[in-house]
>>> print(open('protein.txt').read())   # compact mmCIF, C-alpha atoms
# COMPACT_ATOMS: atom_id res chain seq x y z
CA LYS A 1 0.00 0.00 0.00
CA GLN A 2 1.34 3.38 -1.03
CA GLU A 3 2.36 5.65 1.82
CA VAL A 4 3.29 9.30 1.42
CA THR A 5 5.33 11.11 4.04
CA GLN A 6 6.02 14.81 4.25
CA ILE A 7 8.82 16.32 6.28
CA PRO A 8 8.81 18.59 8.15
CA ALA A 9 5.25 18.64 9.51
CA ALA A 10 5.60 22.36 10.22
CA LEU A 11 8.07 25.03 9.17
CA SER A 12 8.44 28.66 10.19
CA VAL A 13 10.76 30.96 8.23
CA PRO A 14 11.40 34.69 7.92
CA GLU A 15 10.18 36.49 4.84
CA GLY A 16 12.53 36.33 1.86
CA GLU A 17 14.04 32.98 2.71
CA ASN A 18 14.30 30.16 0.17
CA LEU A 19 12.93 26.88 1.44
CA VAL A 20 12.45 23.23 0.54
CA LEU A 21 9.56 20.96 1.42
CA ASN A 22 10.09 17.23 1.19
CA CYS A 23 7.81 14.41 0.12
CA SER A 24 8.62 10.71 0.00
CA PHE A 25 6.56 7.75 -1.20
CA THR A 26 7.03 4.04 -0.69
CA ASP A 27 5.97 2.68 -4.09
CA SER A 28 7.86 4.19 -6.99
CA ALA A 29 5.36 2.90 -9.58
CA ILE A 30 3.50 6.18 -9.88
CA TYR A 31 1.85 7.93 -12.82
CA ASN A 32 2.31 11.44 -11.50
CA LEU A 33 2.82 13.52 -8.41
CA GLN A 34 0.94 16.67 -7.59
CA TRP A 35 1.66 19.45 -5.10
CA PHE A 36 -1.26 21.34 -3.56
CA ARG A 37 -1.69 24.31 -1.32
CA GLN A 38 -4.46 24.44 1.29
CA ASP A 39 -5.42 27.47 3.34
CA PRO A 40 -7.23 26.77 6.66
CA GLY A 41 -10.73 25.40 6.06
CA LYS A 42 -10.38 25.96 2.33
CA GLY A 43 -10.07 23.84 -0.77
CA LEU A 44 -6.98 22.40 -2.41
CA THR A 45 -5.24 24.55 -4.99
CA SER A 46 -3.12 22.64 -7.49
CA LEU A 47 0.39 24.11 -7.68
CA LEU A 48 2.37 21.75 -9.85
CA LEU A 49 1.87 18.39 -11.55
CA ILE A 50 4.88 16.25 -12.43
CA GLN A 51 4.34 13.30 -14.74
CA SER A 52 6.36 10.17 -13.96
CA SER A 53 8.53 10.77 -17.03
CA GLN A 54 9.45 14.28 -15.90
CA ARG A 55 12.16 15.40 -13.50
CA GLU A 56 10.85 18.82 -12.55
CA GLN A 57 8.24 21.48 -13.11
CA THR A 58 8.41 25.21 -12.49
CA SER A 59 5.77 27.84 -11.92
CA GLY A 60 6.86 31.29 -10.87
CA ARG A 61 8.73 31.05 -7.57
CA LEU A 62 7.90 27.37 -7.23
CA ASN A 63 9.97 24.46 -8.49
CA ALA A 64 9.09 20.83 -7.91
CA SER A 65 11.43 17.95 -8.60
CA LEU A 66 10.76 14.25 -8.83
CA ASP A 67 13.15 11.34 -8.34
CA LYS A 68 10.87 8.40 -8.94
CA SER A 69 13.49 5.72 -8.38
CA SER A 70 14.24 6.96 -4.87
CA GLY A 71 10.62 7.80 -4.12
CA ARG A 72 11.20 11.49 -3.46
CA SER A 73 9.92 14.87 -4.49
CA THR A 74 10.82 18.33 -3.29
CA LEU A 75 9.00 21.62 -3.56
CA TYR A 76 11.32 24.59 -3.63
CA ILE A 77 9.88 28.01 -2.81
CA ALA A 78 12.08 30.98 -3.64
CA ALA A 79 11.96 34.32 -1.85
CA SER A 80 9.13 33.31 0.46
CA GLN A 81 6.37 35.79 1.29
CA PRO A 82 3.83 35.94 4.14
CA GLY A 83 1.15 35.11 1.57
CA ASP A 84 2.83 31.74 1.06
CA SER A 85 1.74 30.71 4.56
CA ALA A 86 -0.46 27.63 4.13
CA THR A 87 -0.35 23.85 4.32
CA TYR A 88 1.37 22.21 1.37
CA LEU A 89 0.23 18.73 0.43
CA CYS A 90 1.98 16.23 -1.78
CA ALA A 91 -0.11 13.55 -3.51
CA VAL A 92 0.79 10.63 -5.76
CA ASP A 93 -1.34 8.92 -8.36
CA GLN A 94 -0.69 5.24 -8.95
CA GLY A 95 -3.35 4.22 -11.37
CA GLY A 96 -5.60 5.09 -14.23
CA SER A 97 -8.44 5.85 -11.82
CA GLU A 98 -6.36 8.87 -10.86
CA LYS A 99 -7.14 8.63 -7.23
CA LEU A 100 -4.54 10.40 -5.17
CA VAL A 101 -2.77 9.27 -2.03
CA PHE A 102 -1.93 12.30 0.07
CA GLY A 103 0.75 13.07 2.58
CA LYS A 104 -0.25 14.77 5.81
CA GLY A 105 1.18 18.05 4.63
CA THR A 106 3.71 20.61 5.76
CA LYS A 107 2.30 23.67 7.50
CA LEU A 108 4.37 26.65 6.39
CA THR A 109 4.44 29.97 8.20
CA VAL A 110 6.33 32.87 6.64
CA ASN A 111 6.90 35.64 9.15
CA PRO A 112 7.03 39.29 7.99
CA ALA B 1 -11.77 30.25 -15.70
CA ALA B 2 -14.56 28.05 -14.39
CA GLY B 3 -13.70 25.94 -11.37
CA VAL B 4 -15.26 23.01 -9.57
CA ILE B 5 -18.41 24.16 -7.80
CA GLN B 6 -19.64 22.48 -4.63
CA SER B 7 -22.83 23.05 -2.69
CA PRO B 8 -23.71 23.61 0.00
CA ARG B 9 -20.54 25.09 1.46
CA HIS B 10 -21.69 24.42 4.99
CA LEU B 11 -24.19 21.91 6.32
CA ILE B 12 -25.27 21.07 9.85
CA LYS B 13 -27.17 17.85 10.54
CA GLU B 14 -28.25 15.77 13.50
CA LYS B 15 -27.15 12.18 14.04
CA ARG B 16 -29.06 9.64 11.95
CA GLU B 17 -30.16 12.31 9.46
CA THR B 18 -29.39 12.31 5.74
CA ALA B 19 -27.29 14.77 3.77
CA THR B 20 -26.70 15.33 0.07
CA LEU B 21 -23.70 17.16 -1.35
CA LYS B 22 -23.52 18.37 -4.93
CA CYS B 23 -20.58 18.87 -7.26
CA TYR B 24 -20.40 20.57 -10.63
CA PRO B 25 -17.11 19.72 -12.39
CA ILE B 26 -15.13 21.96 -14.68
CA PRO B 27 -16.83 21.97 -18.10
CA ARG B 28 -15.63 19.13 -20.38
CA HIS B 29 -13.91 17.29 -17.52
CA ASP B 30 -14.97 13.66 -17.74
CA THR B 31 -13.95 12.37 -14.31
CA VAL B 32 -15.24 13.33 -10.87
CA TYR B 33 -13.78 12.31 -7.51
CA TRP B 34 -14.98 12.64 -3.94
CA TYR B 35 -12.62 12.98 -0.98
CA GLN B 36 -13.22 13.26 2.76
CA GLN B 37 -10.91 15.30 4.97
CA GLY B 38 -11.38 14.94 8.72
CA PRO B 39 -10.07 17.56 11.16
CA GLY B 40 -6.29 17.69 10.95
CA GLN B 41 -6.22 14.80 8.49
CA ASP B 42 -5.17 14.42 4.89
CA PRO B 43 -7.88 13.91 2.25
CA GLN B 44 -9.07 10.33 1.84
CA PHE B 45 -10.43 9.06 -1.47
CA LEU B 46 -14.07 7.96 -1.38
CA ILE B 47 -15.25 7.29 -4.94
CA SER B 48 -14.81 8.38 -8.54
CA PHE B 49 -16.84 8.45 -11.73
CA TYR B 50 -15.76 8.42 -15.36
CA GLU B 51 -18.31 9.29 -18.00
CA LYS B 52 -21.14 8.79 -15.49
CA MET B 53 -20.01 5.30 -14.49
CA GLN B 54 -18.37 4.49 -11.17
CA SER B 55 -14.69 3.97 -11.91
CA ASP B 56 -13.12 3.38 -8.52
CA LYS B 57 -14.07 3.06 -4.91
CA GLY B 58 -12.07 3.89 -1.83
CA SER B 59 -12.91 4.02 1.85
CA ILE B 60 -16.54 4.97 1.37
CA PRO B 61 -18.92 3.68 4.07
CA ASP B 62 -21.91 1.59 2.99
CA ARG B 63 -24.12 4.38 4.35
CA PHE B 64 -22.81 6.64 1.59
CA SER B 65 -23.69 6.47 -2.08
CA ALA B 66 -22.89 8.65 -5.05
CA GLN B 67 -23.78 9.05 -8.67
CA GLN B 68 -22.94 11.15 -11.69
CA PHE B 69 -25.75 12.52 -13.81
CA SER B 70 -26.12 13.11 -17.55
CA ASP B 71 -24.94 16.72 -17.17
CA TYR B 72 -21.82 15.38 -15.38
CA HIS B 73 -22.68 16.85 -12.03
CA SER B 74 -22.33 14.44 -9.13
CA GLU B 75 -24.09 13.98 -5.81
CA LEU B 76 -22.84 12.32 -2.64
CA ASN B 77 -25.63 10.98 -0.47
CA MET B 78 -24.91 10.23 3.17
CA SER B 79 -27.45 8.49 5.38
CA SER B 80 -27.63 7.55 9.07
CA LEU B 81 -25.11 10.27 9.80
CA GLU B 82 -22.66 9.72 12.63
CA LEU B 83 -20.56 12.20 14.59
CA GLY B 84 -17.47 10.85 12.85
CA ASP B 85 -18.84 11.90 9.48
CA SER B 86 -18.13 15.53 10.37
CA ALA B 87 -15.50 16.58 7.84
CA LEU B 88 -14.70 18.61 4.77
CA TYR B 89 -15.93 16.84 1.65
CA PHE B 90 -14.09 17.71 -1.52
CA CYS B 91 -15.04 17.11 -5.08
CA ALA B 92 -12.41 17.19 -7.81
CA SER B 93 -12.53 16.83 -11.57
CA SER B 94 -10.00 16.06 -14.25
CA LEU B 95 -9.36 15.32 -17.88
CA GLU B 96 -7.07 12.64 -19.23
CA THR B 97 -4.01 14.77 -18.34
CA GLY B 98 -4.39 13.54 -14.79
CA GLU B 99 -4.24 16.89 -13.05
CA LEU B 100 -7.00 17.10 -10.47
CA PHE B 101 -8.75 20.36 -9.73
CA PHE B 102 -10.53 20.58 -6.41
CA GLY B 103 -13.57 22.54 -5.32
CA GLU B 104 -13.69 24.63 -2.15
CA GLY B 105 -15.32 21.79 -0.26
CA SER B 106 -18.51 21.26 1.72
CA ARG B 107 -18.13 21.34 5.48
CA LEU B 108 -20.47 18.88 7.16
CA THR B 109 -21.04 19.12 10.90
CA VAL B 110 -22.99 16.33 12.57
CA LEU B 111 -24.38 17.18 16.00
>>> encode(input="protein.txt", output="structure tokens")
Amino acid sequence: KQEVTQIPAALSVPEGENLVLNCSFTDSAIYNLQWFRQDPGKGLTSLLLIQSSQREQTSGRLNASLDKSSGRSTLYIAASQPGDSATYLCAVDQGGSEKLVFGKGTKLTVNP
Amino acid sequence: AAGVIQSPRHLIKEKRETATLKCYPIPRHDTVYWYQQGPGQDPQFLISFYEKMQSDKGSIPDRFSAQQFSDYHSELNMSSLELGDSALYFCASSLETGELFFGEGSRLTVL
């Protein structure tokens, strides 16, 4: 059974700092990996999708990498801002049904 | 751009009552998914539909049922509600690209 782990569970950084969020998964046979952002009590906003054949994806200040063989993904956030404060969830898709297995998230706080 | 629409956004029910949640996927998306997120938990997959047929089933209780209609909207029906059913219920939709887009969720509180 696929298990997704995110480290750290919580992270607090000063504004402007570059940071890395980590995601690991136990079964490397995945179709894709998706990073989401969730604000308290709100929905999930898709940030980046990495197909299994890809190594990384970039969107603005965000860069996500995927090392399928080692079961790892990282989300790099450059020049963090207070508005980046949220919980970041990593999710992997293993099958054509496209159901996602989520990690428990990393709660990020960016202090002004 | 149009997003996934869920209704109601908030719902309060008593134990043993019934609740129905609705989801309107992004236009032309052919797959709909339902997830349940308990307090402080990660989202758990419940059920999905592709082209109006159930395509996969996760940890959905027997008290819950769902369907997708001809206009592609989906409804999640929950009966004999229990306190533990209190959660955020998310609907998501996708195309064949595999990227899932989530709605804002429906918060169910069972008293």
>>> residues_near_point(input="protein.txt", point="(1.6, 21.6, -11.8)", cutoff="8 Å", atoms="all atoms listed in the file", output="PyMOL selection string")
(chain A and resi 34-35+46-50+57-59) or (chain B and resi 99)
>>> closest_atom_pairs(input="protein.txt", of="chain A", to="chain B", cutoff="7 Å", atoms="all atoms listed in the file", output="CSV")
residue,atom,partner,partner_atom,distance
A:Lys42,CA,B:Glu104,CA,5.7
A:Gly43,CA,B:Glu104,CA,4.0
A:Leu44,CA,B:Phe102,CA,5.6
A:Thr45,CA,B:Phe102,CA,6.8
A:Ser46,CA,B:Phe101,CA,6.5
A:Leu49,CA,B:Glu99,CA,6.5
A:Ser97,CA,B:Asp56,CA,6.2
A:Glu98,CA,B:Gly98,CA,6.4
A:Lys99,CA,B:Phe45,CA,6.6
A:Phe102,CA,B:Asp42,CA,6.2
A:Gly103,CA,B:Asp42,CA,6.5
A:Lys104,CA,B:Asp42,CA,5.0
>>> atom_distance(input="protein.txt", atom1="atom CA of B:Ser7", atom2="atom CA of B:Glu75")
9.7 Å
>>> closest_residue(input="protein.txt", among="A:Leu19, A:Gly41, A:Ser73, A:Leu100", to="A:Arg61", atoms="only C-alpha atoms")
A:Leu19
>>> residues_around(input="protein.txt", residues="stretch 10-26 of chain B", least_positions_apart="3", cutoff="7 Å", atoms="all atoms listed in the file", output="list in words")
Ala2, Gly3, Val4, Ile5, Gln6, Ser7, His29, Val32, His73, Ser74, Glu75, Leu76, Asn77, Met78, Ser79, Ser80, Leu81, Glu82, Leu83, Cys91, Ser93, Ser106, Arg107, Leu108, Thr109, Val110 and Leu111 of chain B
>>> closest_residue(input="protein.txt", among="A:Asn111, A:Ser85, A:Asn22, A:Ser53", to="A:Asp39", atoms="only C-alpha atoms")
A:Ser85
>>> residues_around(input="protein.txt", residues="stretch 7-13 of chain A", least_positions_apart="2", cutoff="12 Å", atoms="all atoms listed in the file", output="JSON, numbers by chain")
{"A": [4, 5, 15, 16, 17, 18, 19, 20, 21, 22, 23, 24, 25, 72, 73, 74, 75, 77, 78, 79, 80, 81, 82, 84, 85, 86, 87, 88, 89, 90, 103, 104, 105, 106, 107, 108, 109, 110, 111, 112], "B": [40]}
>>> atom_distance(input="protein.txt", atom1="atom CA of B:Phe69", atom2="atom CA of B:Glu51")
9.1 Å
>>> atom_distance(input="protein.txt", atom1="atom CA of B:Gly38", atom2="atom CA of A:Arg37")
16.8 Å
>>> closest_residue(input="protein.txt", among="A:Lys68, A:Pro40, A:Ala91, A:Tyr76", to="A:Asp27", atoms="all atoms listed in the file")
A:Lys68
>>> axis_aligned_box(input="protein.txt", around="stretch 80-94 of chain B", padding_each_side="8 Å", output="JSON")
{"center_x": -18.8, "center_y": 13.1, "center_z": 0.2, "size_x": 33.6, "size_y": 27.1, "size_z": 44.8}
>>> closest_residue(input="protein.txt", among="A:Val101, A:Gln6, A:Thr26, A:Gln51", to="A:Gly71", atoms="all atoms listed in the file")
A:Thr26
>>> build_atoms(input="protein.txt", residues="stretch 57-68 of chain B", atoms="all heavy atoms", output="PDB file, in the frame of the given file")
ATOM      1  N   LYS B  57     -13.461   2.896  -6.214  1.00  0.00           N
ATOM      2  CA  LYS B  57     -14.070   3.060  -4.910  1.00  0.00           C
ATOM      3  C   LYS B  57     -13.004   2.960  -3.842  1.00  0.00           C
ATOM      4  O   LYS B  57     -12.141   2.074  -3.898  1.00  0.00           O
ATOM      5  CB  LYS B  57     -15.112   1.952  -4.709  1.00  0.00           C
ATOM      6  CG  LYS B  57     -16.164   2.226  -3.680  1.00  0.00           C
ATOM      7  CD  LYS B  57     -17.256   1.155  -3.776  1.00  0.00           C
ATOM      8  CE  LYS B  57     -18.334   1.382  -2.762  1.00  0.00           C
ATOM      9  NZ  LYS B  57     -19.399   0.379  -2.840  1.00  0.00           N
ATOM     10  N   GLY B  58     -13.047   3.898  -2.905  1.00  0.00           N
ATOM     11  CA  GLY B  58     -12.070   3.890  -1.830  1.00  0.00           C
ATOM     12  C   GLY B  58     -12.738   3.539  -0.512  1.00  0.00           C
ATOM     13  O   GLY B  58     -13.557   2.639  -0.431  1.00  0.00           O
ATOM     14  N   SER B  59     -12.401   4.309   0.508  1.00  0.00           N
ATOM     15  CA  SER B  59     -12.910   4.020   1.850  1.00  0.00           C
ATOM     16  C   SER B  59     -14.257   4.667   2.088  1.00  0.00           C
ATOM     17  O   SER B  59     -14.447   5.414   3.044  1.00  0.00           O
ATOM     18  CB  SER B  59     -11.891   4.490   2.887  1.00  0.00           C
ATOM     19  OG  SER B  59     -11.528   5.836   2.639  1.00  0.00           O
ATOM     20  N   ILE B  60     -15.208   4.377   1.229  1.00  0.00           N
ATOM     21  CA  ILE B  60     -16.540   4.970   1.370  1.00  0.00           C
ATOM     22  C   ILE B  60     -17.427   4.031   2.176  1.00  0.00           C
ATOM     23  O   ILE B  60     -17.544   2.849   1.856  1.00  0.00           O
ATOM     24  CB  ILE B  60     -17.147   5.273  -0.023  1.00  0.00           C
ATOM     25  CG1 ILE B  60     -18.499   5.973   0.124  1.00  0.00           C
ATOM     26  CG2 ILE B  60     -17.232   4.026  -0.893  1.00  0.00           C
ATOM     27  CD1 ILE B  60     -19.039   6.537  -1.192  1.00  0.00           C
ATOM     28  N   PRO B  61     -18.038   4.540   3.256  1.00  0.00           N
ATOM     29  CA  PRO B  61     -18.920   3.680   4.070  1.00  0.00           C
ATOM     30  C   PRO B  61     -20.131   3.231   3.255  1.00  0.00           C
ATOM     31  O   PRO B  61     -20.547   3.892   2.310  1.00  0.00           O
ATOM     32  CB  PRO B  61     -19.361   4.617   5.220  1.00  0.00           C
ATOM     33  CG  PRO B  61     -18.412   5.761   5.207  1.00  0.00           C
ATOM     34  CD  PRO B  61     -17.948   5.912   3.803  1.00  0.00           C
ATOM     35  N   ASP B  62     -20.711   2.099   3.664  1.00  0.00           N
ATOM     36  CA  ASP B  62     -21.910   1.590   2.990  1.00  0.00           C
ATOM     37  C   ASP B  62     -23.088   2.538   3.127  1.00  0.00           C
ATOM     38  O   ASP B  62     -24.027   2.499   2.327  1.00  0.00           O
ATOM     39  CB  ASP B  62     -22.293   0.220   3.559  1.00  0.00           C
ATOM     40  CG  ASP B  62     -21.261  -0.842   3.214  1.00  0.00           C
ATOM     41  OD1 ASP B  62     -20.497  -0.633   2.240  1.00  0.00           O
ATOM     42  OD2 ASP B  62     -21.214  -1.871   3.906  1.00  0.00           O
ATOM     43  N   ARG B  63     -23.040   3.408   4.134  1.00  0.00           N
ATOM     44  CA  ARG B  63     -24.120   4.380   4.350  1.00  0.00           C
ATOM     45  C   ARG B  63     -24.085   5.514   3.319  1.00  0.00           C
ATOM     46  O   ARG B  63     -25.004   6.322   3.230  1.00  0.00           O
ATOM     47  CB  ARG B  63     -24.001   4.989   5.756  1.00  0.00           C
ATOM     48  CG  ARG B  63     -24.113   3.991   6.894  1.00  0.00           C
ATOM     49  CD  ARG B  63     -23.898   4.662   8.234  1.00  0.00           C
ATOM     50  NE  ARG B  63     -22.496   5.064   8.430  1.00  0.00           N
ATOM     51  CZ  ARG B  63     -22.078   6.315   8.417  1.00  0.00           C
ATOM     52  NH1 ARG B  63     -22.930   7.315   8.177  1.00  0.00           N
ATOM     53  NH2 ARG B  63     -20.791   6.604   8.615  1.00  0.00           N
ATOM     54  N   PHE B  64     -22.975   5.580   2.590  1.00  0.00           N
ATOM     55  CA  PHE B  64     -22.810   6.640   1.590  1.00  0.00           C
ATOM     56  C   PHE B  64     -23.028   6.049   0.193  1.00  0.00           C
ATOM     57  O   PHE B  64     -22.661   4.895  -0.083  1.00  0.00           O
ATOM     58  CB  PHE B  64     -21.407   7.226   1.647  1.00  0.00           C
ATOM     59  CG  PHE B  64     -21.077   8.015   2.883  1.00  0.00           C
ATOM     60  CD1 PHE B  64     -21.899   8.036   3.997  1.00  0.00           C
ATOM     61  CD2 PHE B  64     -19.906   8.757   2.931  1.00  0.00           C
ATOM     62  CE1 PHE B  64     -21.572   8.764   5.127  1.00  0.00           C
ATOM     63  CE2 PHE B  64     -19.565   9.500   4.053  1.00  0.00           C
ATOM     64  CZ  PHE B  64     -20.398   9.491   5.155  1.00  0.00           C
ATOM     65  N   SER B  65     -23.585   6.854  -0.677  1.00  0.00           N
ATOM     66  CA  SER B  65     -23.690   6.470  -2.080  1.00  0.00           C
ATOM     67  C   SER B  65     -23.465   7.717  -2.923  1.00  0.00           C
ATOM     68  O   SER B  65     -23.600   8.847  -2.434  1.00  0.00           O
ATOM     69  CB  SER B  65     -25.051   5.851  -2.393  1.00  0.00           C
ATOM     70  OG  SER B  65     -26.077   6.824  -2.212  1.00  0.00           O
ATOM     71  N   ALA B  66     -23.122   7.508  -4.164  1.00  0.00           N
ATOM     72  CA  ALA B  66     -22.890   8.650  -5.050  1.00  0.00           C
ATOM     73  C   ALA B  66     -23.262   8.262  -6.462  1.00  0.00           C
ATOM     74  O   ALA B  66     -23.332   7.081  -6.814  1.00  0.00           O
ATOM     75  CB  ALA B  66     -21.416   9.084  -4.993  1.00  0.00           C
ATOM     76  N   GLN B  67     -23.528   9.279  -7.261  1.00  0.00           N
ATOM     77  CA  GLN B  67     -23.780   9.050  -8.670  1.00  0.00           C
ATOM     78  C   GLN B  67     -23.404  10.276  -9.469  1.00  0.00           C
ATOM     79  O   GLN B  67     -23.282  11.379  -8.921  1.00  0.00           O
ATOM     80  CB  GLN B  67     -25.245   8.677  -8.916  1.00  0.00           C
ATOM     81  CG  GLN B  67     -26.261   9.687  -8.410  1.00  0.00           C
ATOM     82  CD  GLN B  67     -27.692   9.223  -8.653  1.00  0.00           C
ATOM     83  OE1 GLN B  67     -27.982   8.556  -9.652  1.00  0.00           O
ATOM     84  NE2 GLN B  67     -28.587   9.554  -7.748  1.00  0.00           N
ATOM     85  N   GLN B  68     -23.212  10.058 -10.768  1.00  0.00           N
ATOM     86  CA  GLN B  68     -22.940  11.150 -11.690  1.00  0.00           C
ATOM     87  C   GLN B  68     -24.066  11.183 -12.705  1.00  0.00           C
ATOM     88  O   GLN B  68     -24.441  10.149 -13.258  1.00  0.00           O
ATOM     89  CB  GLN B  68     -21.586  10.977 -12.381  1.00  0.00           C
ATOM     90  CG  GLN B  68     -21.175  12.194 -13.193  1.00  0.00           C
ATOM     91  CD  GLN B  68     -19.810  12.044 -13.839  1.00  0.00           C
ATOM     92  OE1 GLN B  68     -19.357  10.949 -14.120  1.00  0.00           O
ATOM     93  NE2 GLN B  68     -19.152  13.169 -14.080  1.00  0.00           N
TER      94      GLN B  68
END
